[in-house]
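Report on the following structure.
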Amino acid sequence: MHQYELTVIFPLEEDQYHAGKETVLADLAAQGAEILKTDEKGDRDLAYEIKKRKRGRYLLFTLKLDPVKVSVLDKVFKLNANLLRYLFVKIEE
């Protein structure tokens, strides 16, 4: 199991944010991810428009995950309409 940082950008609307966050947490749990830390970064301006939005709500997860599961989660996250963007970064130990 490797350590990763997962940054997720959600729309600003409360209902989409909470639905997206619950879906992400459920997807991570389904793949056996161990969430070490969750850090809400708040609302920020985006560098460029994503889905006609100029601002997004950022959430940062630090987690332990099997490397094979990253590609599975990548496919699952692409189907989630409540996510604007996401990024997995492996933490070197």
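Letters A, B, ... mark the chains of the structure tokens in the order given; residue numbers begin at 1 per chain; ligand numbers begin at 1, in order shown.
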
Checklist entry - Residues of chain A in strand (DSSP E) according to DSSP, as a PyMOL selection string? => result chain A and resi 2-10+34-50+53-65+85-90

Checklist entry - Where in chain A does DSSP assign alpha helix (DSSP H), given as number ranges by chain? => result A: 14-30, 67-78

Item to check | Spatial neighbours of segment 22-34 of chain A, max dist 6 Å, only C-alpha atoms, sep filter under 5 positions, as a PyMOL selection string | outcome: chain A and resi 63-65

Given the selection you just returned, output its residues as a file containing all heavy atoms, formatted as a PDB file, in the first residue's frame.
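selection_25.pdb was written with the following content:
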ATOM      1  N   LEU A  63      -4.268   9.468   1.956  1.00  0.00           N
ATOM      2  CA  LEU A  63      -4.774   8.105   2.111  1.00  0.00           C
ATOM      3  C   LEU A  63      -3.737   7.066   1.745  1.00  0.00           C
ATOM      4  O   LEU A  63      -2.754   7.358   1.078  1.00  0.00           O
ATOM      5  CB  LEU A  63      -6.039   7.917   1.275  1.00  0.00           C
ATOM      6  CG  LEU A  63      -6.025   8.382  -0.183  1.00  0.00           C
ATOM      7  CD1 LEU A  63      -5.738   7.214  -1.090  1.00  0.00           C
ATOM      8  CD2 LEU A  63      -7.383   8.956  -0.514  1.00  0.00           C
ATOM      9  N   LYS A  64      -3.979   5.846   2.220  1.00  0.00           N
ATOM     10  CA  LYS A  64      -3.190   4.684   1.844  1.00  0.00           C
ATOM     11  C   LYS A  64      -4.054   3.844   0.923  1.00  0.00           C
ATOM     12  O   LYS A  64      -5.217   3.580   1.216  1.00  0.00           O
ATOM     13  CB  LYS A  64      -2.792   3.863   3.070  1.00  0.00           C
ATOM     14  CG  LYS A  64      -1.668   4.446   3.859  1.00  0.00           C
ATOM     15  CD  LYS A  64      -1.207   3.479   4.921  1.00  0.00           C
ATOM     16  CE  LYS A  64      -0.039   4.074   5.682  1.00  0.00           C
ATOM     17  NZ  LYS A  64       0.449   3.155   6.705  1.00  0.00           N
ATOM     18  N   LEU A  65      -3.442   3.426  -0.192  1.00  0.00           N
ATOM     19  CA  LEU A  65      -4.214   2.736  -1.213  1.00  0.00           C
ATOM     20  C   LEU A  65      -3.303   1.822  -2.022  1.00  0.00           C
ATOM     21  O   LEU A  65      -2.149   2.161  -2.280  1.00  0.00           O
ATOM     22  CB  LEU A  65      -4.866   3.785  -2.128  1.00  0.00           C
ATOM     23  CG  LEU A  65      -5.759   3.326  -3.250  1.00  0.00           C
ATOM     24  CD1 LEU A  65      -6.995   2.614  -2.722  1.00  0.00           C
ATOM     25  CD2 LEU A  65      -6.189   4.519  -4.089  1.00  0.00           C
TER      26      LEU A  65
END

Checklist entry - Counting only C-alpha atoms, what is within 7 Å of segment 45-62 of chain A, bar same-chain residues fewer than 4 positions away, as a ChimeraX atom specification? => result /A:4-12,35-41,84

Kindly save the residues from that selection, with all heavy atoms included, as a compact mmCIF listing (two decimals), in the first residue's frame.
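Full text of again.txt as output:
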# COMPACT_ATOMS: atom_id res chain seq x y z
N TYR A 4 -0.98 8.33 -0.85
CA TYR A 4 -1.34 9.26 -1.91
C TYR A 4 -2.02 10.48 -1.31
O TYR A 4 -2.62 10.41 -0.24
CB TYR A 4 -2.34 8.61 -2.89
CG TYR A 4 -1.77 7.48 -3.70
CD1 TYR A 4 -1.87 6.17 -3.25
CD2 TYR A 4 -1.12 7.72 -4.90
CE1 TYR A 4 -1.36 5.11 -3.99
CE2 TYR A 4 -0.60 6.67 -5.65
CZ TYR A 4 -0.72 5.38 -5.19
OH TYR A 4 -0.20 4.35 -5.93
N GLU A 5 -1.92 11.58 -2.04
CA GLU A 5 -2.75 12.75 -1.78
C GLU A 5 -3.76 12.80 -2.91
O GLU A 5 -3.39 12.69 -4.08
CB GLU A 5 -1.93 14.04 -1.76
CG GLU A 5 -1.15 14.24 -0.50
CD GLU A 5 -0.46 15.60 -0.47
OE1 GLU A 5 -0.37 16.27 -1.53
OE2 GLU A 5 0.00 15.98 0.61
N LEU A 6 -5.02 12.94 -2.57
CA LEU A 6 -6.08 13.07 -3.55
C LEU A 6 -6.71 14.44 -3.38
O LEU A 6 -7.25 14.75 -2.32
CB LEU A 6 -7.14 11.97 -3.36
CG LEU A 6 -8.43 12.13 -4.15
CD1 LEU A 6 -8.18 12.08 -5.66
CD2 LEU A 6 -9.44 11.06 -3.74
N THR A 7 -6.60 15.27 -4.40
CA THR A 7 -7.24 16.58 -4.40
C THR A 7 -8.47 16.49 -5.29
O THR A 7 -8.39 16.02 -6.42
CB THR A 7 -6.29 17.67 -4.94
OG1 THR A 7 -5.10 17.66 -4.16
CG2 THR A 7 -6.94 19.03 -4.88
N VAL A 8 -9.60 16.93 -4.75
CA VAL A 8 -10.86 16.88 -5.48
C VAL A 8 -11.47 18.27 -5.49
O VAL A 8 -11.45 18.97 -4.48
CB VAL A 8 -11.84 15.88 -4.81
CG1 VAL A 8 -13.09 15.73 -5.64
CG2 VAL A 8 -11.20 14.54 -4.59
N ILE A 9 -11.98 18.69 -6.65
CA ILE A 9 -12.65 19.98 -6.78
C ILE A 9 -14.12 19.72 -7.06
O ILE A 9 -14.47 19.02 -8.01
CB ILE A 9 -12.05 20.83 -7.91
CG1 ILE A 9 -10.55 20.98 -7.73
CG2 ILE A 9 -12.73 22.20 -7.95
CD1 ILE A 9 -9.86 21.67 -8.89
N PHE A 10 -14.97 20.29 -6.21
CA PHE A 10 -16.42 20.15 -6.33
C PHE A 10 -17.04 21.49 -6.75
O PHE A 10 -16.44 22.54 -6.51
CB PHE A 10 -17.03 19.75 -4.98
CG PHE A 10 -16.57 18.44 -4.47
CD1 PHE A 10 -15.57 18.36 -3.51
CD2 PHE A 10 -17.13 17.25 -4.92
CE1 PHE A 10 -15.14 17.14 -3.02
CE2 PHE A 10 -16.71 16.03 -4.43
CZ PHE A 10 -15.71 15.98 -3.47
N PRO A 11 -18.26 21.46 -7.27
CA PRO A 11 -19.00 22.72 -7.50
C PRO A 11 -19.30 23.39 -6.16
O PRO A 11 -19.30 22.74 -5.10
CB PRO A 11 -20.29 22.26 -8.18
CG PRO A 11 -20.00 20.91 -8.71
CD PRO A 11 -18.97 20.31 -7.80
N LEU A 12 -19.61 24.67 -6.18
CA LEU A 12 -19.88 25.42 -4.96
C LEU A 12 -21.23 25.11 -4.33
O LEU A 12 -21.41 25.31 -3.13
CB LEU A 12 -19.80 26.93 -5.24
CG LEU A 12 -18.42 27.46 -5.61
CD1 LEU A 12 -18.50 28.95 -5.90
CD2 LEU A 12 -17.41 27.20 -4.52
N ILE A 35 -8.25 6.24 4.79
CA ILE A 35 -8.14 7.70 4.80
C ILE A 35 -7.42 8.13 6.08
O ILE A 35 -7.90 7.88 7.18
CB ILE A 35 -9.53 8.36 4.69
CG1 ILE A 35 -10.19 7.95 3.37
CG2 ILE A 35 -9.40 9.88 4.80
CD1 ILE A 35 -11.61 8.41 3.21
N LEU A 36 -6.27 8.76 5.90
CA LEU A 36 -5.46 9.19 7.03
C LEU A 36 -5.83 10.59 7.49
O LEU A 36 -5.77 10.90 8.69
CB LEU A 36 -3.98 9.15 6.66
CG LEU A 36 -3.44 7.80 6.17
CD1 LEU A 36 -2.00 7.94 5.71
CD2 LEU A 36 -3.57 6.75 7.25
N LYS A 37 -6.20 11.44 6.53
CA LYS A 37 -6.48 12.84 6.86
C LYS A 37 -7.39 13.42 5.78
O LYS A 37 -7.26 13.12 4.60
CB LYS A 37 -5.17 13.62 6.90
CG LYS A 37 -5.29 15.06 7.31
CD LYS A 37 -3.90 15.70 7.35
CE LYS A 37 -4.00 17.18 7.53
NZ LYS A 37 -2.70 17.84 7.41
N THR A 38 -8.33 14.26 6.21
CA THR A 38 -9.20 14.99 5.28
C THR A 38 -9.06 16.47 5.62
O THR A 38 -9.19 16.86 6.78
CB THR A 38 -10.67 14.56 5.44
OG1 THR A 38 -10.76 13.16 5.23
CG2 THR A 38 -11.55 15.27 4.45
N ASP A 39 -8.78 17.28 4.61
CA ASP A 39 -8.56 18.70 4.82
C ASP A 39 -9.39 19.50 3.82
O ASP A 39 -9.15 19.41 2.62
CB ASP A 39 -7.07 19.02 4.65
CG ASP A 39 -6.70 20.42 5.08
OD1 ASP A 39 -7.52 21.07 5.76
OD2 ASP A 39 -5.60 20.85 4.73
N GLU A 40 -10.37 20.25 4.34
CA GLU A 40 -11.18 21.10 3.47
C GLU A 40 -10.43 22.40 3.22
O GLU A 40 -10.12 23.13 4.16
CB GLU A 40 -12.54 21.35 4.09
CG GLU A 40 -13.37 20.09 4.19
CD GLU A 40 -14.83 20.35 4.53
OE1 GLU A 40 -15.30 21.46 4.28
OE2 GLU A 40 -15.47 19.41 5.02
N LYS A 41 -10.14 22.67 1.96
CA LYS A 41 -9.37 23.86 1.60
C LYS A 41 -10.26 25.06 1.28
O LYS A 41 -9.76 26.15 1.06
CB LYS A 41 -8.47 23.56 0.39
CG LYS A 41 -7.41 22.52 0.68
CD LYS A 41 -6.43 23.05 1.69
CE LYS A 41 -5.28 22.09 1.88
NZ LYS A 41 -4.30 22.59 2.83
N LEU A 84 -15.64 18.28 -10.39
CA LEU A 84 -15.11 19.09 -11.48
C LEU A 84 -13.77 18.53 -11.93
O LEU A 84 -13.53 18.33 -13.12
CB LEU A 84 -14.96 20.54 -11.05
CG LEU A 84 -16.25 21.29 -10.71
CD1 LEU A 84 -15.93 22.72 -10.28
CD2 LEU A 84 -17.20 21.29 -11.88

Next on the checklist: Quick check, in Å to one decimal: how far apart do atom CA of His2 of chain A and atom CA of Lys90 of chain A lie?
Outcome noted: 7.3 Å

Checklist entry - Could you state the separation of atom CA of Ile91 of chain A and atom CA of Gln3 of chain A in Å, given to one decimal place? => result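 Separation between atom CA of Ile91 of chain A and atom CA of Gln3 of chain A: 5.5 Å.
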
Checklist outcome for this item: Students should find that atom CA of His18 of chain A and atom CA of Leu73 of chain A are spaced 18.8 Å

Item to check | Close residues, segment 79-83 of chain A itself excluded, 6 Å, only C-alpha atoms, min 3 positions apart in chain, as a ChimeraX atom specification | outcome: /A:10,16,20,76
